[in-house]
There are 4 protein chains.
Amino acid sequence: MEKIKKAVLAYSGGLDTSIMIAWLKENYGCEVVCVCADVGQGREIKGLKEKAIKSGASKIYIENLTKEFVTDFIFPTLKAGAVYEKKYLLGTSFARPVIAKRLVEIAQKEKADAIAHGATGKGNDQVRFELTVKALAPNIKIIAPWRDPLWTIKSREESIDYANARKIPLPVGKKNAYSMDRNIWHLSHEGMDLENTWNEPKDNMFLIIRPLSKTPNKPEYVEIGFEKGVPISVNSKKLAPVILLETLNYIGARHGIGLADLVENRLVGMKSRGVYENPAGSILYYAHNELEYLTLDRATFHYKEIVSLRYAELVYDGMWYSPLREALDAFVNETQKTVTGTVRLKLYKGNIYSAGTKSPFSLYSTNLATFGESVDYNQSDATGFINLFGLPLKVRASLKNKKK
Amino acid sequence: MEKIKKAVLAYSGGLDTSIMIAWLKENYGCEVVCVCADVGQGREIKGLKEKAIKSGASKIYIENLTKEFVTDFIFPTLKAGAVYEKKYLLGTSFARPVIAKRLVEIAQKEKADAIAHGATGKGNDQVRFELTVKALAPNIKIIAPWRDPLWTIKSREESIDYANARKIPLPVGKKNAYSMDRNIWHLSHEGMDLENTWNEPKDNMFLIIRPLSKTPNKPEYVEIGFEKGVPISVNSKKLAPVILLETLNYIGARHGIGLADLVENRLVGMKSRGVYENPAGSILYYAHNELEYLTLDRATFHYKEIVSLRYAELVYDGMWYSPLREALDAFVNETQKTVTGTVRLKLYKGNIYSAGTKSPFSLYSTNLATFGESVDYNQSDATGFINLFGLPLKVRASLKNKKK
Amino acid sequence: MEKIKKAVLAYSGGLDTSIMIAWLKENYGCEVVCVCADVGQGREIKGLKEKAIKSGASKIYIENLTKEFVTDFIFPTLKAGAVYEKKYLLGTSFARPVIAKRLVEIAQKEKADAIAHGATGKGNDQVRFELTVKALAPNIKIIAPWRDPLWTIKSREESIDYANARKIPLPVGKKNAYSMDRNIWHLSHEGMDLENTWNEPKDNMFLIIRPLSKTPNKPEYVEIGFEKGVPISVNSKKLAPVILLETLNYIGARHGIGLADLVENRLVGMKSRGVYENPAGSILYYAHNELEYLTLDRATFHYKEIVSLRYAELVYDGMWYSPLREALDAFVNETQKTVTGTVRLKLYKGNIYSAGTKSPFSLYSTNLATFGESVDYNQSDATGFINLFGLPLKVRASLKNKKK
Amino acid sequence: MEKIKKAVLAYSGGLDTSIMIAWLKENYGCEVVCVCADVGQGREIKGLKEKAIKSGASKIYIENLTKEFVTDFIFPTLKAGAVYEKKYLLGTSFARPVIAKRLVEIAQKEKADAIAHGATGKGNDQVRFELTVKALAPNIKIIAPWRDPLWTIKSREESIDYANARKIPLPVGKKNAYSMDRNIWHLSHEGMDLENTWNEPKDNMFLIIRPLSKTPNKPEYVEIGFEKGVPISVNSKKLAPVILLETLNYIGARHGIGLADLVENRLVGMKSRGVYENPAGSILYYAHNELEYLTLDRATFHYKEIVSLRYAELVYDGMWYSPLREALDAFVNETQKTVTGTVRLKLYKGNIYSAGTKSPFSLYSTNLATFGESVDYNQSDATGFINLFGLPLKVRASLKNKKK
């Protein structure tokens with residue numbers, strides 16, 4: 001086994017990453033520096049420092065990455081219109097590279113020779129963490145305790161015993177809860193009764209989105225301003241990226257918006273059920289698309305639909321820091337130059353409805369679209385268009401006739 | 001001008017196609033045979049025969065194509081998962097080829113030498129009608145009065161005058177109404193205040209879907225059975241295709257389901273606003289996709305997403321009877337061999353929620369998906385997987401390091 | 001008919017565009033300014049000015065666009081790897097927008113209100129000319145005499161009569177020759193005996209490429225240097241773009257390289273036979289691809305293959321100045337950042353063979369590729385990789401077994 | 001370790017698979033049944049039975065799979081037009097599934113509980129073998145000695161010692177030769193001096209293709225007949241699939257045709273240099289494409305180009321027995337219904353030239369393609385076509401003008 005002197009551990013304060021501090025020290029004989037990344041997951045930060053030190057860490061970095069996460073990961077993906085398998089807005093997927101990037105930066109600063117993470121051996125997150133490390137710091141060793149041959153802990157009970165034996169503070173928490181991942185963009189739920197695809201998600205499972213029975217009985221209108229594909233204002237008020245997301249999360253959640261429930265194909269070969277809460281995300285994807293209806297021409301809109309699919313795959317698969325993702329980004333950014341304008345939405349009982357779109361770059365022309373004659377459109381041109389557009393079909397049909 | 005002896009006219013009984021009977025006779029000196037195709041548009045059929053004859057037709061065929069429409073056009077497109085520009089379920093698009101196909105058959109039976117239709121020169125429908133005719137009967141002449149140099153009628157008023165002067169019976173109807181197209185799959189609205197993209201659709205515009213304020217305050221569950229991608233039952237009751245659609249239209253409409261509002265790119269070069277009511281369609285697309293989550297593997301699911309986009313383009317563009325549409329259909333049908341099973345949906349206040357999916361061909365494995373160890377999955381395999389999957393990124397990063 | 005005061009005509013000095021000067025003046029009563037664009041087609045420029053003035057033009061611009069053509073049109077397309085229908089290197093396609101762009105600039109300078117071109121009504125070039133004009137100067141009127149209702153000339157004989165009657169100088173030229181288009185990138189041949197797809201091109205048809213029987217009996221090696229996807233040197237000598245192409249045309253032609261013969265699908269609906277001579281182009285496409293083998297990773301290489309196809313379509317279809325072409329360009333340019341290095345080719349008897357490639361950004365690692373153990377590759381990783389990569393197939397197979 | 005009773009080994013008679021017989025018996029205590037698959041690799045079959053038995057096998061199957069290989073693997077891929085990374089005709093890739101399929105069949109017949117193969121841990125073949133086994137017999141255990149923790153042999157010398165110690169007959173063979181794979185479709189070369197990408201392949205490396213200096217000084221014409229995309233005759237003589245390939249290999253090799261040299265991206269993450277000899281393959285791909293020029297319409301031809309890329313990826317990656325490959329096959333077969341006709345090629349000095357194509361389903365129309373007027377083409381239609389096709393560009397340009 002390679003000798004490790006100092007490891008940087010992605011630390012959440014939960015049971016698993018707490019015992020990993022001790023485990024790393026015992027099994028690798030290394031110093032452990034913890035990094036707790038805040039990507040908008042809520043109030044779990046308090047008391048972390050004490051807990052980490054008590055658990056054996058030599059140091060802890062508590063890093064607020066929320067702004068970088070929104071600006072450099074969420075917004076590019078939003079501009080790309082990337083949705084994984086028709087429903088999943090990639091909330092966990094792009095949170096991993098932003099965290100792993102900071103792990104690398106801290107490892108380099110700390111002259112650590114390893115990075116450790118608590119992702120399990122069956123999920124996508126291990127891939128996303130490790131690909132980011134490989135792409136940014138190919139020489140740093142990666143330790144994934146859950147897959148490590150030295151790791152012998154098999155159950156929650158064994159974890160608790162391991163912690164107690166070492167006086168590691170235990171987090172309070174329900175056992176048998178869903179596996180959840182939360183950040184400013186989303187909250188995901190996996191496991192438990194969801195593992196049977198015939199089960200409907202239970203109403204009390206949702207922690208962000210209001211049940212429809214408790215949403216307002218009146219629609220709410222919201223206007224979102226975009227500049228070059230990036231949302232910049234809500235109801236005519238310019239908002240910084242993080243505030244903008246929080247605002248839309250609040251509004252959307254109140255109307256029960258942003259639920260997604262799918263059986264997705266993990267990169268590591270199996271299908272998995274995920275239920276997601278994504279109020280701001282759902283609103284922003286919807287709004288962004290409305291604006292593209294006005295501002296992208298047909299050829300670009302259609303090709304971008306294809307590109308979106310690959311973009312989503314790359315993000316899902318942890319290939320954020322890959323040349324292809326960067327090249328697709330260049331494509332997307334070029335298309336967004338005119339995606340500027342305002343989208344008005346009606347939010348009501350879980351639904352998002354279009355309620356008006358305008359843009360200084362709108363390619364919609366009332367004059368062209370209207371039923372009567374237009375200055376710029378000569379209806380007789382359609383005859384020529386159809387004749388040439390349909391010529392291949394006619395040639396083929398004539399051939400068939402001849403052959404009869 | 002070519003001499004025409006007998007023209008077959010796509011006849012709806014409305015003002016436009018009524019005066020076209022007279023106009024064709026006057027301008028082409030030909031006999032006019034009317035064909036009224038019923039594709040599930042509702043009760044407009046009554047009295048049509050009398051009206052057509054009074055308007056000058058020598059004969060009228062009233063053809064119920066609804067079953068063929070559902071089976072041969074709607075279901076293949078549903079299996080393909082084809083949606084045009086993210087929202088439009090192609091309701092008008094695939095109604096045109098089924099009608100034009102029958103026009104061709106009747107023209108051949110009647111030994112007519114021309115087919116005429118009332119589609120305008122700015123829309124997609126002219127293309128769809130004419131491409132179908134070109135593909136099926138390349139030698140039949142096509143007359144599109146609205147684009148005909150001999151056509152001089154410029155306004156609704158002139159149409160009415162033209163009709164009155166020839167004692168053509170006038171249909172009763174509001175003027176200045178939306179331009180609508182209805183069939184068993186959908187109802188579309190265009191024109192009027194919708195031509196301003198900043199306008200929200202008016203509540204009283206919808207003729208099928210209930211406003212949310214009037215939908216039930218309790219969710220309704222519906223179970224849809226599929227066989228090889230085709231819906232065959234509702235709530236465990238086998239239903240013939242037409243009945244099945246009518247049933248889901250009824251249920252969906254009651255819950256306010258199936259609204260789509262978009263600014264779409266017409267084939268003929270301009271953007272156009274369309275608002276669509278599609279209750280059964282929205283439910284079926286949703287359900288079909290749920291079943292594909294279980295039954296398609298990742299590679300197939302992802303590639304089919306790309307194919308869906310091209311399929312939708314072809315249908316929208318009137319290229320139903322084209323070799324590429326047929327080849328994509330072969331692809332789709334191969335993927336549907338295991339898309340058999342039951343989807344349970346919760347319908348509530350305009351929303352469709354997943355409420356359970358099962359299939360004898362489900363590729364979902366609880367054993368694999370669950371967090372603990374699995375018989376078929378060795379977590380240490382993930383190490384090898386990630387190392388090779390991430391190798392290109394690592395090689396590239398090493399190169400960058402070397403070059404520093 | 002719209003009133004035209006001044007028209008700018010794309011003028012070649014040939015019979016067709018010569019009589020168009022007179023025809024425009026007679027039929028539109030307008031002044032005619034000629035523009036002759038040199039895109040490297042050879043020595044046809046001499047005496048053009050006199051000829052144009054004698055034919056009735058008020059002025060002639062003789063514009064050397066070769067450098068712009070190579071730099072702004074040929075090289076971007078080369079970087080994209082765009083080939084139309086597997087063989088055609090787009091030689092005529094991208095020459096049209098560079099010419100039309102200059103026509104627009106001159107029209108604007110001259111305050112002309114129309115642009116006229118001599119492309120026929122059955123080809124792609126009319127589309128390419130006119131789309132460029134529409135994209136750059138949407139308000140300038142376009143006159144295409146060959147499609148103009150006022151144009152009555154139907155044959156070469158009538159053209160000559162028309163010219164003689166007006167004392168328009170006649171170009172000397174064989175009649176019944178192939179229709180050809182030449183520029184620095186290629187020479188195309190169409191028509192005559194090529195119109196029968198069962199005919200082989202005649203040996204004496206080729207004007208650039210040597211027949212194999214006369215090519216050297218010894219191979220020649222050539223080294224091409226690239227920087228970010230752009231060729232910059234030949235045999236270690238830096239060359240300006242135009243000189244570089246001329247050099248490779250000379251070398252390639254001597255070895256009989258660069259023939260392409262295909263039946264292509266024109267945009268306007270019919271198939272057409274084209275035979276192309278493309279020595280430098282064939283060499284450069286080959287070399288560029290060799291370098292991409294070394295410098296692009298698998299994901300990028302594979303996706304770029306798809307993008308190339310759409311890029312080629314857009315160029316062929318005259319959509320150079322379109323948002324989608326520009327967005328694809330952004331994608332391509334991002335991929336080319338490391339496409340720097342040297343490619344050595346062996347040219348011999350019409351063939352291009354790889355004879356060595358190197359790049360400071362090469363992702364090829366001998367250590368990884370070699371058969372034995374590598375530092376960076378643990379063969380046992382492959383077990384994990386295969387197990388997860390093949391897991392979906394195994395799950396599906398297990399299901400099938402269970403169902404037996 | 002799992003207990004194995006009987007293993008079926010893919011056996012070639014070479015050093016590696018010979019010692020694997022003994023190794024399997026010693027390490028797994030199992031009976032070893034050898035399977036030697038003949039896929040047209042030439043005369044290596046003689047004496048194999050004796051050698052296998054002497055080496056410790058209990059039984060050997062010598063299976064001629066050549067016909068199945070050509071019909072069920074090569075021809076479908078040819079119809080798909082699948083080429084990996086622009087040059088590689090997949091010769092090794094699709095030989096693996098046909099062999100692995102037979103291994104599975106024999107394992108089932110023999111009630112063996114394991115399949116073993118001699119592919120190394122760095123290549124693609126291990127993936128192709130094992131994915132096929134997983135897809136066809138998910139419960140059979142796979143043994144890959146090269147990756148097995150029990151395998152300790154590290155060099156050719158150790159292999160020879162191992163063999164000598166067990167009196168295993170040694171094959172005669174040069175050491176330090178290229179790594180080669182041969183079958184009726186191709187011969188591949190890897191390793192040695194090819195591992196430096198700056199090295200040109202040595203002339204004496206090629207075993208099938210004649211050096212150009214020794215090819216005939218006169219071109220040879222060959223006519224290939226196709227039916228639904230499948231080659232069925234050479235020079236008007238119907239030939240069975242295997243004979244047809246052998247004939248074209250003989251003819252092509254004589255003219256020095258079929259060399260491919262590329263640095264390809266292996267599935268397992270690294271780049272690798274391969275040089276291939278593929279005379280019949282190159283001729284057939286060329287000819288098949290010529291016929292598709294005539295018989296596929298533009299939309300189908302262009303979409304098939306995209307599909308070909310994915311098809312090639314799947315074959316290369318060992319995913320022959322996957323639902324996606326089967327679905328793409330359905331697409332391809334639908335397109336091939338009219339790919340019937342005759343292609344005439346001129347073979348000369350390493351080159352393949354088009355020398356005529358004809359088909360009863362040719363969509364090429366001389367009448368349409370010719371320069372003059374056509375019955376089926378009204379040149380004035382082009383005006384309408386261009387106006388509508390270019391409308392989006394014009395709208396966008398007008399917008400830009402307005403905004404200035």
# chains A, B, ... in the order shown; residues from 1 in each chain; ligands from 1

$ residues_around --residues "Leu89 of chain B" --least-positions-apart "2" --cutoff "9 Å" --atoms "only C-alpha atoms" --output "list in words"
Thr77, Leu78, Ala82, Val83, Tyr84, Lys86, Lys87, Gly91, Thr92, Ser93, Trp185, His186, Ala260, Tyr276, Asn278, Gly281, Ser282, Tyr285 and Ala312 of chain B

$ write_last_selection --atoms "all heavy atoms" --output "short mmCIF file (atom, residue, chain, number, x, y, z; two decimals), in the first residue's frame"
data_model
loop_
_atom_site.label_atom_id
_atom_site.label_comp_id
_atom_site.auth_asym_id
_atom_site.auth_seq_id
_atom_site.Cartn_x
_atom_site.Cartn_y
_atom_site.Cartn_z
N THR B 77 -46.20 7.66 -33.24
CA THR B 77 -45.52 8.88 -32.80
C THR B 77 -45.36 8.87 -31.28
O THR B 77 -44.33 9.31 -30.74
CB THR B 77 -46.32 10.11 -33.27
OG1 THR B 77 -46.50 10.01 -34.69
CG2 THR B 77 -45.58 11.40 -32.97
N LEU B 78 -46.36 8.36 -30.60
CA LEU B 78 -46.27 8.19 -29.14
C LEU B 78 -45.14 7.23 -28.79
O LEU B 78 -44.33 7.51 -27.89
CB LEU B 78 -47.61 7.64 -28.63
CG LEU B 78 -47.66 7.13 -27.19
CD1 LEU B 78 -47.49 8.29 -26.20
CD2 LEU B 78 -48.99 6.41 -26.92
N ALA B 82 -42.06 11.39 -29.74
CA ALA B 82 -41.76 12.59 -30.52
C ALA B 82 -42.54 13.81 -30.04
O ALA B 82 -43.77 13.77 -30.01
CB ALA B 82 -42.05 12.35 -32.00
N VAL B 83 -41.83 14.83 -29.66
CA VAL B 83 -42.42 16.10 -29.24
C VAL B 83 -41.70 17.19 -30.02
O VAL B 83 -40.47 17.22 -30.06
CB VAL B 83 -42.21 16.34 -27.73
CG1 VAL B 83 -42.85 17.66 -27.30
CG2 VAL B 83 -42.76 15.19 -26.91
N TYR B 84 -42.44 18.08 -30.62
CA TYR B 84 -41.81 19.14 -31.42
C TYR B 84 -41.49 20.33 -30.52
O TYR B 84 -42.35 20.87 -29.84
CB TYR B 84 -42.75 19.58 -32.54
CG TYR B 84 -42.12 20.58 -33.49
CD1 TYR B 84 -41.10 20.20 -34.36
CD2 TYR B 84 -42.53 21.91 -33.51
CE1 TYR B 84 -40.52 21.11 -35.23
CE2 TYR B 84 -41.95 22.83 -34.38
CZ TYR B 84 -40.93 22.42 -35.23
OH TYR B 84 -40.36 23.32 -36.09
N LYS B 86 -40.08 20.68 -27.73
CA LYS B 86 -40.26 20.44 -26.30
C LYS B 86 -41.69 20.42 -25.79
O LYS B 86 -41.94 19.98 -24.68
CB LYS B 86 -39.46 21.47 -25.46
CG LYS B 86 -37.97 21.42 -25.78
CD LYS B 86 -37.16 22.16 -24.76
CE LYS B 86 -35.68 22.05 -25.12
NZ LYS B 86 -34.84 22.80 -24.21
N LYS B 87 -42.66 20.93 -26.57
CA LYS B 87 -44.01 20.99 -26.03
C LYS B 87 -45.10 20.46 -26.97
O LYS B 87 -46.12 19.98 -26.50
CB LYS B 87 -44.36 22.45 -25.69
CG LYS B 87 -43.66 23.03 -24.48
CD LYS B 87 -44.33 24.36 -24.13
CE LYS B 87 -43.65 25.07 -22.97
NZ LYS B 87 -44.21 26.44 -22.80
N GLY B 91 -50.43 17.36 -32.88
CA GLY B 91 -51.82 17.05 -33.17
C GLY B 91 -52.29 17.36 -34.57
O GLY B 91 -52.96 16.55 -35.22
N THR B 92 -51.96 18.53 -35.06
CA THR B 92 -52.37 18.86 -36.43
C THR B 92 -51.46 18.18 -37.43
O THR B 92 -51.89 17.71 -38.49
CB THR B 92 -52.33 20.39 -36.65
OG1 THR B 92 -53.21 21.01 -35.72
CG2 THR B 92 -52.75 20.75 -38.06
N SER B 93 -50.19 18.10 -37.08
CA SER B 93 -49.19 17.61 -38.03
C SER B 93 -49.52 16.25 -38.61
O SER B 93 -49.47 16.05 -39.81
CB SER B 93 -47.82 17.54 -37.35
OG SER B 93 -47.54 18.69 -36.61
N TRP B 185 -57.08 13.97 -30.90
CA TRP B 185 -55.83 14.10 -30.14
C TRP B 185 -55.69 15.47 -29.52
O TRP B 185 -55.15 15.59 -28.43
CB TRP B 185 -54.65 13.82 -31.07
CG TRP B 185 -53.27 13.78 -30.48
CD1 TRP B 185 -52.26 14.67 -30.74
CD2 TRP B 185 -52.72 12.83 -29.56
NE1 TRP B 185 -51.12 14.31 -30.06
CE2 TRP B 185 -51.38 13.18 -29.32
CE3 TRP B 185 -53.24 11.70 -28.93
CZ2 TRP B 185 -50.54 12.45 -28.47
CZ3 TRP B 185 -52.41 10.97 -28.08
CH2 TRP B 185 -51.08 11.35 -27.86
N HIS B 186 -56.19 16.51 -30.20
CA HIS B 186 -55.92 17.84 -29.67
C HIS B 186 -56.86 18.91 -30.22
O HIS B 186 -57.63 18.68 -31.15
CB HIS B 186 -54.46 18.22 -29.94
CG HIS B 186 -54.20 19.01 -31.17
ND1 HIS B 186 -55.00 19.00 -32.29
CD2 HIS B 186 -53.19 19.87 -31.46
CE1 HIS B 186 -54.51 19.79 -33.21
NE2 HIS B 186 -53.42 20.32 -32.73
N ALA B 260 -50.59 23.32 -23.58
CA ALA B 260 -49.25 23.67 -24.04
C ALA B 260 -49.34 24.99 -24.80
O ALA B 260 -50.23 25.18 -25.62
CB ALA B 260 -48.65 22.59 -24.91
N TYR B 276 -52.29 24.77 -27.22
CA TYR B 276 -52.84 23.45 -27.49
C TYR B 276 -53.50 22.84 -26.27
O TYR B 276 -53.01 22.99 -25.16
CB TYR B 276 -51.74 22.51 -27.98
CG TYR B 276 -51.03 23.03 -29.21
CD1 TYR B 276 -49.84 23.76 -29.10
CD2 TYR B 276 -51.56 22.83 -30.47
CE1 TYR B 276 -49.21 24.26 -30.23
CE2 TYR B 276 -50.93 23.33 -31.61
CZ TYR B 276 -49.75 24.04 -31.48
OH TYR B 276 -49.13 24.53 -32.59
N ASN B 278 -54.50 19.13 -24.91
CA ASN B 278 -54.06 17.78 -25.22
C ASN B 278 -54.15 16.85 -24.03
O ASN B 278 -53.16 16.26 -23.61
CB ASN B 278 -52.58 17.86 -25.61
CG ASN B 278 -52.30 17.33 -26.99
OD1 ASN B 278 -51.73 18.03 -27.79
ND2 ASN B 278 -52.73 16.12 -27.29
N GLY B 281 -53.26 13.06 -24.71
CA GLY B 281 -51.89 13.03 -25.22
C GLY B 281 -50.87 13.25 -24.13
O GLY B 281 -49.87 12.52 -24.02
N SER B 282 -51.11 14.24 -23.29
CA SER B 282 -50.15 14.52 -22.22
C SER B 282 -50.03 13.34 -21.27
O SER B 282 -48.94 12.98 -20.83
CB SER B 282 -50.59 15.76 -21.44
OG SER B 282 -50.70 16.85 -22.32
N TYR B 285 -48.13 10.36 -23.19
CA TYR B 285 -46.69 10.59 -23.31
C TYR B 285 -46.01 10.39 -21.96
O TYR B 285 -44.94 9.79 -21.87
CB TYR B 285 -46.41 12.00 -23.84
CG TYR B 285 -46.24 12.07 -25.34
CD1 TYR B 285 -47.34 11.97 -26.18
CD2 TYR B 285 -44.98 12.22 -25.93
CE1 TYR B 285 -47.19 12.04 -27.56
CE2 TYR B 285 -44.83 12.28 -27.30
CZ TYR B 285 -45.94 12.18 -28.12
OH TYR B 285 -45.78 12.23 -29.47
N ALA B 312 -39.88 13.87 -34.58
CA ALA B 312 -40.81 14.99 -34.42
C ALA B 312 -40.68 15.99 -35.57
O ALA B 312 -41.68 16.46 -36.12
CB ALA B 312 -40.57 15.68 -33.08
#

$ select_by_dssp --residues "segment 46-239 of chain D" --states "helix (DSSP H, G or I)" --output "PyMOL selection string"
chain D and resi 48-54+66-80+95-109+125-136+145-147+156-165+192-195+203-205+212-214

$ closest_residue --among "B:Leu90, B:Tyr364, B:Leu24, B:Phe385" --to "Leu399 of chain C" --atoms "only C-alpha atoms"
B:Tyr364

$ residues_around --residues "Leu391 of chain C" --least-positions-apart "6" --cutoff "9 Å" --atoms "only C-alpha atoms" --output "list of chain:residue names"
A:Val268, A:Gly269, A:Met270, B:Asp376, B:Tyr377, D:Leu131, D:Lys134

$ interface_residues --of "chain D" --to "chain A" --cutoff "10 Å" --atoms "only C-alpha atoms" --output "ChimeraX atom specification"
/D:295-299,360-365,368,376-389,391-400,403

$ atom_distance --atom1 "atom CA of Asn249 of chain D" --atom2 "atom CA of Asn183 of chain D"
11.4 Å

$ residues_around --residues "segment 224-234 of chain B" --least-positions-apart "4" --cutoff "9 Å" --atoms "only C-alpha atoms" --output "PyMOL selection string"
chain B and resi 75-76+78-79+238-241+244+247-248+284+287-288+291-292+333+335-345

$ select_by_dssp --residues "segment 80-319 of chain D" --states "strand (DSSP E)" --output "number ranges by chain"
D: 114-116, 141-143, 179-182, 187-190, 220-227, 230-234, 237-238, 259-265, 271-277

$ atom_distance --atom1 "atom CA of Ser308 of chain B" --atom2 "atom CA of Ile306 of chain A"
10.1 Å

$ residues_around --residues "segment 199-201 of chain C" --least-positions-apart "2" --cutoff "7 Å" --atoms "only C-alpha atoms" --output "PyMOL selection string"
(chain C and resi 193-194+196-197+203) or (chain D and resi 354-356)

$ write_last_selection --atoms "N, CA, C and O atoms" --output "PDB file, in the first residue's frame"
ATOM      1  N   ASP C 193     -21.251  13.921 -70.322  1.00  0.00           N
ATOM      2  CA  ASP C 193     -21.326  12.474 -70.124  1.00  0.00           C
ATOM      3  C   ASP C 193     -21.410  12.080 -68.656  1.00  0.00           C
ATOM      4  O   ASP C 193     -21.818  10.968 -68.316  1.00  0.00           O
ATOM      5  N   LEU C 194     -21.052  13.000 -67.756  1.00  0.00           N
ATOM      6  CA  LEU C 194     -21.157  12.678 -66.324  1.00  0.00           C
ATOM      7  C   LEU C 194     -22.606  12.509 -65.885  1.00  0.00           C
ATOM      8  O   LEU C 194     -22.879  11.949 -64.820  1.00  0.00           O
ATOM      9  N   ASN C 196     -24.724  10.612 -66.939  1.00  0.00           N
ATOM     10  CA  ASN C 196     -25.071   9.198 -66.853  1.00  0.00           C
ATOM     11  C   ASN C 196     -24.208   8.573 -65.752  1.00  0.00           C
ATOM     12  O   ASN C 196     -22.986   8.541 -65.859  1.00  0.00           O
ATOM     13  N   THR C 197     -24.854   8.095 -64.701  1.00  0.00           N
ATOM     14  CA  THR C 197     -24.084   7.630 -63.536  1.00  0.00           C
ATOM     15  C   THR C 197     -23.311   6.348 -63.840  1.00  0.00           C
ATOM     16  O   THR C 197     -22.490   5.930 -63.033  1.00  0.00           O
ATOM     17  N   ASP C 203     -10.446  10.328 -68.712  1.00  0.00           N
ATOM     18  CA  ASP C 203      -9.109  10.695 -68.239  1.00  0.00           C
ATOM     19  C   ASP C 203      -8.731  12.130 -68.594  1.00  0.00           C
ATOM     20  O   ASP C 203      -8.109  12.838 -67.806  1.00  0.00           O
TER      21      ASP C 203
ATOM     22  N   SER D 354     -14.510   5.389 -58.534  1.00  0.00           N
ATOM     23  CA  SER D 354     -15.852   5.116 -59.041  1.00  0.00           C
ATOM     24  C   SER D 354     -15.771   4.976 -60.558  1.00  0.00           C
ATOM     25  O   SER D 354     -15.137   5.795 -61.216  1.00  0.00           O
ATOM     26  N   ALA D 355     -16.403   3.960 -61.101  1.00  0.00           N
ATOM     27  CA  ALA D 355     -16.404   3.834 -62.557  1.00  0.00           C
ATOM     28  C   ALA D 355     -17.785   3.498 -63.088  1.00  0.00           C
ATOM     29  O   ALA D 355     -17.927   2.926 -64.163  1.00  0.00           O
ATOM     30  N   GLY D 356     -18.810   3.876 -62.316  1.00  0.00           N
ATOM     31  CA  GLY D 356     -20.172   3.637 -62.783  1.00  0.00           C
ATOM     32  C   GLY D 356     -21.034   2.948 -61.742  1.00  0.00           C
ATOM     33  O   GLY D 356     -20.592   2.013 -61.074  1.00  0.00           O
TER      34      GLY D 356
END

$ residues_around --residues "Ile153 of chain D" --least-positions-apart "3" --cutoff "12 Å" --atoms "only C-alpha atoms" --output "ChimeraX atom specification"
/C:372-373 /D:16,19-20,23,145-150,156-163

$ atom_distance --atom1 "atom CA of Glu50 of chain B" --atom2 "atom CA of Val98 of chain B"
24.6 Å

$ residues_around --residues "Glu190 of chain D" --least-positions-apart "6" --cutoff "8 Å" --atoms "only C-alpha atoms" --output "JSON, numbers by chain"
{"D": [178, 179, 180, 273, 274, 275]}

$ closest_residue --among "C:Leu347, C:Thr152, C:Ala22, C:Ala327" --to "Ala165 of chain C" --atoms "only C-alpha atoms"
C:Ala22

$ closest_residue --among "C:Ala107, C:Asn351, C:Asp113, C:Leu262" --to "Lys141 of chain C" --atoms "only C-alpha atoms"
C:Asp113
